[in-house]
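Presented below is the structure to which this report refers.
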Amino acid sequence: MQNPLMQKPETIRLFGAAGSASAYAIRDFLHRSLLPFEWIEVKSAGEIYTVHHLDCARHLQLPICMFADGTCLENPTLAEILDQIGWLIKPSQQMYDLAIYGGGPAGLSAAVYGASEGLKTVLIERYAVGGQAGSSSRIENYLGFPKGISGADLAEKAREQACKFGAEILMTKEGAGAEFIDDYGVGILTDGTRISARAAICATGVHYRRLGIEGEERLIGAGIYYGAGSSEATLCHGEEVIVVGGGNSAGQAAMHFARYACKVSIIIRGQGLKDTLSDYLLQRIATAPNVEVLTQTVIAGVEGDSTLREVRLKNLSTGEIRHVPTRWLFICIGGEPQTEWASSVGILRDEAGYILTGPDLDYEEHSAKWPLHRAPFYLETSVPGLFAAGDVRHGSVKRCASAVGEGAMAVAFVHKHLAQLSERPAA
Ligand SMILES: Cc1cc2nc3c(=O)[nH]c(=O)nc-3n(C[C@H](O)[C@H](O)[C@H](O)COP(=O)(O)OP(=O)(O)OC[C@H]3O[C@@H](n4cnc5c(N)ncnc54)[C@H](O)[C@@H]3O)c2cc1C
């Protein structure tokens, strides 16, 4: 039987209203998963009948997903969409060799290496694969792609590669806790599913940081977006776009929007981009006629009821407030790890919540709690057999290539750990 995860559906038609947060959530997910879809903007479901002459959906609630076999899903969850296309799978094993949490570059790389090297491997991803990289319109410094590659494309190729080798990928599933029992661990997902594995890799990366201004939560997906928003760029045609942040992700996003928007303003608190941006992006921004950089500036507020209408910018040196009418605010100010679950089960983290591994664990200090005769492996956490890779790890480099490298390296340590488990005399 063919692996359903290797099959792509025919084009999905997504009908929804402009500025709808739930339509955005679906659009972004389909875009990141490289699932073929057509976005059709309508004001009401009735319009699907009057303008598009499709009867089946006219009494349903927007957004509506219409599939090639005629099935219409009304305001579907992402899991319902995955179910419809055959990508919502159940774990097949009582006990895996390797469970990976997070489907960004680090987790996907671990899945490819783990499955290709014969480990029974499962990957749990709470959203779509690709992680932060998945939101990038073009990654230009990843080895082997001289013309660059979109994050969604890179992630989808890796997903297919992992599935080809037999990795199980559970999307829209989120790890929430863990238990450690003798020689194996149990990951507990938010829906109550328990995943048992002899080794695990935490590759959960970082979660986008919020601005912390009034109205932000309400307007998420309805004018305010986190990350580079590559699914939205073509919809900004002829409009003004604001990008907050001075790192490479903000620079990349600004240059991508500049192809469609009439004007892109990059907002940064500091004096300039020189210290935070790669040289190639600095040069492109400096010569782009429709991109401006507003230094020493912050977002003072946002206006809008159901969708964003206006952004207020404050110049920190003059105190001047500027009102910018816009429907597009993209926030690329980095992220922070979400590892509270880890500390609740005794996994050591640094002050910012990043997971400590190998040499950073200060073996001398913690040896009393460490149950094995050997020191922790380089990417091993304070719990034997649980590894961390990529941006979630203390001291990580925060690059695609290094996350991919760590994912592969963690699998090498998983093999060593499993070999030692099998050498131990039975109790
Ligand atoms: C817009 C943008 C552009 C970038 N461009 C570049 C570039 O050009 N070159 C470069 O080298 N780097 C770039 N980076 C940085 C690079 O993308 C990151 O360093 C890399 O993605 C880190 O990979 P990761 O797998 O460690 O973590 P992430 O990419 O953060 O992935 C973590 C994954 O874990 C999932 N997850 C989190 N918690 C859970 C949970 N509890 N259960 C299940 N899943 C969970 C998340 O949904 C996510 O998919 C960019 C970053 C951004 C945001």
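For the structure tokens, the naming scheme is as follows: chains receive sequential letters (A, B, ...) according to their order of presentation, residues are indexed from 1 within each chain, and ligands are indexed from 1 in presentation order.
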Handout entry: Selection within 6 Å of ligand 1 by only C-alpha atoms and all ligand atoms, output as a ChimeraX atom specification
Key = /A:101-107,124-127,129-133,135-136,139-141,174-176,203-206,227-228,249,390-392,398-401,403
Practice task
If you run DSSP over the backbone, which residues in range 200-343 of chain A end up strand (DSSP E)? Put them as an NGL selection string.
Solution key: :A and (200-202 or 207-208 or 224-226 or 240-244 or 263-267 or 291-294 or 297-303 or 310-315 or 321-325 or 328-331 or 335-336)
Handout entry: Among listed residues A:Tyr49, A:Phe180, A:Tyr24, A:Phe15, nearest Ser231 in chain A (using only C-alpha atoms)
Key =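 When distances to Ser231 in chain A are compared using only C-alpha atoms, the smallest one comes from A:Tyr24.
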Practice task
Excluding Ile188 in chain A and any residue of its chain fewer than 4 positions from it, enumerate the residues within 8 Å of it, using only C-alpha atoms, and give them as a PyMOL selection string.
Solution key: chain A and resi 175-179+192-195
Practice task
Could you give me, as an MDAnalysis selection string, the residues within 12 Å of Thr318 in chain A, counting only C-alpha atoms and dropping anything in the same chain fewer than 3 positions from it?
Solution key: chainID A and resid 295:297 313:315 321:322
Using all heavy atoms, can you export the residues from the last selection as a compact mmCIF listing (two decimals), in the first residue's frame?
```txt
# COMPACT_ATOMS: atom_id res chain seq x y z
N THR A 295 14.76 54.18 11.81
CA THR A 295 15.57 53.82 12.99
C THR A 295 15.00 54.50 14.23
O THR A 295 14.19 55.43 14.14
CB THR A 295 17.03 54.26 12.78
OG1 THR A 295 17.03 55.66 12.56
CG2 THR A 295 17.67 53.55 11.61
N GLN A 296 15.44 54.04 15.38
CA GLN A 296 15.00 54.57 16.68
C GLN A 296 13.48 54.74 16.74
O GLN A 296 12.97 55.76 17.18
CB GLN A 296 15.70 55.90 16.94
CG GLN A 296 17.19 55.73 17.16
CD GLN A 296 17.84 57.03 17.55
OE1 GLN A 296 18.09 57.86 16.69
NE2 GLN A 296 18.07 57.20 18.82
N THR A 297 12.80 53.75 16.20
CA THR A 297 11.33 53.83 16.11
C THR A 297 10.71 52.56 16.70
O THR A 297 11.30 51.48 16.58
CB THR A 297 10.92 53.98 14.62
OG1 THR A 297 11.57 55.14 14.10
CG2 THR A 297 9.44 54.10 14.43
N LEU A 313 3.45 54.80 14.83
CA LEU A 313 4.89 54.65 15.01
C LEU A 313 5.39 55.80 15.87
O LEU A 313 4.97 56.95 15.70
CB LEU A 313 5.61 54.73 13.65
CG LEU A 313 5.13 53.74 12.57
CD1 LEU A 313 5.88 54.00 11.26
CD2 LEU A 313 5.36 52.32 13.03
N LYS A 314 6.31 55.47 16.80
CA LYS A 314 6.84 56.54 17.66
C LYS A 314 8.36 56.64 17.46
O LYS A 314 9.08 55.64 17.60
CB LYS A 314 6.53 56.22 19.12
CG LYS A 314 7.05 57.30 20.05
CD LYS A 314 6.66 56.99 21.47
CE LYS A 314 7.15 58.12 22.37
NZ LYS A 314 6.89 57.86 23.75
N ASN A 315 8.82 57.85 17.15
CA ASN A 315 10.26 58.07 17.06
C ASN A 315 10.81 58.32 18.46
O ASN A 315 10.39 59.25 19.15
CB ASN A 315 10.54 59.28 16.15
CG ASN A 315 12.02 59.47 15.96
OD1 ASN A 315 12.77 59.68 16.91
ND2 ASN A 315 12.45 59.39 14.71
N ILE A 321 4.87 61.09 16.78
CA ILE A 321 4.01 59.94 16.46
C ILE A 321 3.55 60.06 15.01
O ILE A 321 3.11 61.13 14.58
CB ILE A 321 2.76 59.90 17.38
CG1 ILE A 321 3.13 59.77 18.85
CG2 ILE A 321 1.79 58.80 16.94
CD1 ILE A 321 3.43 58.37 19.34
N ARG A 322 3.68 58.96 14.28
CA ARG A 322 3.23 58.97 12.88
C ARG A 322 2.12 57.94 12.73
O ARG A 322 2.24 56.82 13.22
CB ARG A 322 4.43 58.57 12.03
CG ARG A 322 4.26 58.80 10.56
CD ARG A 322 5.64 58.69 9.90
NE ARG A 322 5.57 57.83 8.75
CZ ARG A 322 6.61 57.43 8.06
NH1 ARG A 322 7.83 57.79 8.42
NH2 ARG A 322 6.47 56.66 7.00
```
Handout entry: CA of Gly301 in chain A to CA of Ala288 in chain A, distance in Å rounded to a single decimal
Key =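 Between CA of Gly301 in chain A and CA of Ala288 in chain A the gap works out to 27.1 Å.
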Practice task
Would you please extract all alpha helix (DSSP H) residues from range 146-387 of chain A, as assigned by DSSP on the backbone, and give them as a PyMOL selection string?
Solution key: chain A and resi 151-164+248-257+279-287+340-344+363-366
Exercise for the section: Check the smallest atom-to-atom distance from each of A:Ser402, A:Asn290, A:Ser278, A:Gln283 to Ile266 in chain A using only C-alpha atoms, then report the winner. Expected result: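 Residue with the minimum atom-to-atom distance to Ile266 in chain A: A:Asn290.
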Handout entry: Pairwise distance for CA of Asp350 in chain A and CA of Gly114 in chain A, rounded to one decimal in Å
Key =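 We find that CA of Asp350 in chain A and CA of Gly114 in chain A lie 27.6 Å from each other.
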Test item: residues at most 6 Å from range 109-113 of chain A, only C-alpha atoms, excluding those fewer than 6 positions along its chain, as an mmCIF file with N, CA and C atoms, in the first residue's frame:
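Produced file around_36.cif, reproduced below:
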```
data_model
loop_
_atom_site.group_PDB
_atom_site.id
_atom_site.type_symbol
_atom_site.label_atom_id
_atom_site.label_comp_id
_atom_site.auth_asym_id
_atom_site.auth_seq_id
_atom_site.Cartn_x
_atom_site.Cartn_y
_atom_site.Cartn_z
ATOM 1 N N ALA A 162 12.007 12.215 4.630
ATOM 2 C CA ALA A 162 11.834 11.491 5.895
ATOM 3 C C ALA A 162 10.756 10.411 5.737
ATOM 4 N N VAL A 404 20.118 21.735 11.067
ATOM 5 C CA VAL A 404 20.140 20.476 10.304
ATOM 6 C C VAL A 404 21.311 19.607 10.780
ATOM 7 N N GLY A 407 20.568 18.104 14.160
ATOM 8 C CA GLY A 407 19.587 17.012 14.058
ATOM 9 C C GLY A 407 20.291 15.716 13.682
ATOM 10 N N ALA A 408 21.192 15.810 12.695
ATOM 11 C CA ALA A 408 21.923 14.620 12.241
ATOM 12 C C ALA A 408 22.855 14.114 13.344
#
```
Problem - Counting only C-alpha atoms, the option among A:His256, A:His31, A:Arg159, A:Arg309 closest to Leu14 in chain A - result: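 Smallest separation from Leu14 in chain A among the options: A:His31.
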Problem - Residue among A:Thr121, A:Ser265, A:Gln252, A:Ser33 lying closest to Ala152 in chain A, counting only C-alpha atoms - result: A:Ser33
Practice task
Can you pull out every residue within 12 Å of Pro4 in chain A, counting only C-alpha atoms, but drop anything in the same chain fewer than 3 positions away, and send it as a list of chain:residue names?
Solution key: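 Residues meeting the cut-off are A:Met1, A:Gln7, A:Lys8, A:Pro9, A:Leu82, A:Asp83, A:Gln84, A:Ile85, A:Gly86, A:Trp87, A:Leu88, A:Ile89, A:Lys90, A:Glu160, A:Cys163, A:Lys164, A:Gly166, A:Glu168, A:Ile169.
You will find CA of Pro359 in chain A at 17.3 Å from CA of Cys202 in chain A.
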Exercise for the section: Find the residue from A:Arg32, A:His237, A:Lys43, A:His59 that sits nearest to Leu154 in chain A; use only C-alpha atoms when measuring. Expected result: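 Closest to Leu154 in chain A, using only C-alpha atoms: A:Arg32.
Comparing A:Ala419, A:Leu277, A:Ile285, A:Ala258 by their smallest distance to Ile242 in chain A, the closest is A:Ala258 (using only C-alpha atoms).
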Exercise for the section: Write out as a list in words each polymer residue whose atoms come within 7 Å of range 366-382 of chain A, counting only C-alpha atoms; drop sequence neighbours fewer than 6 positions from it. Expected result: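 Near neighbours after the sequence-gap exclusion: Ile347, Leu348, Leu356, Thr357, Gly358, Pro359, Ala388, Ala389, Ala410 and Phe413 of chain A.
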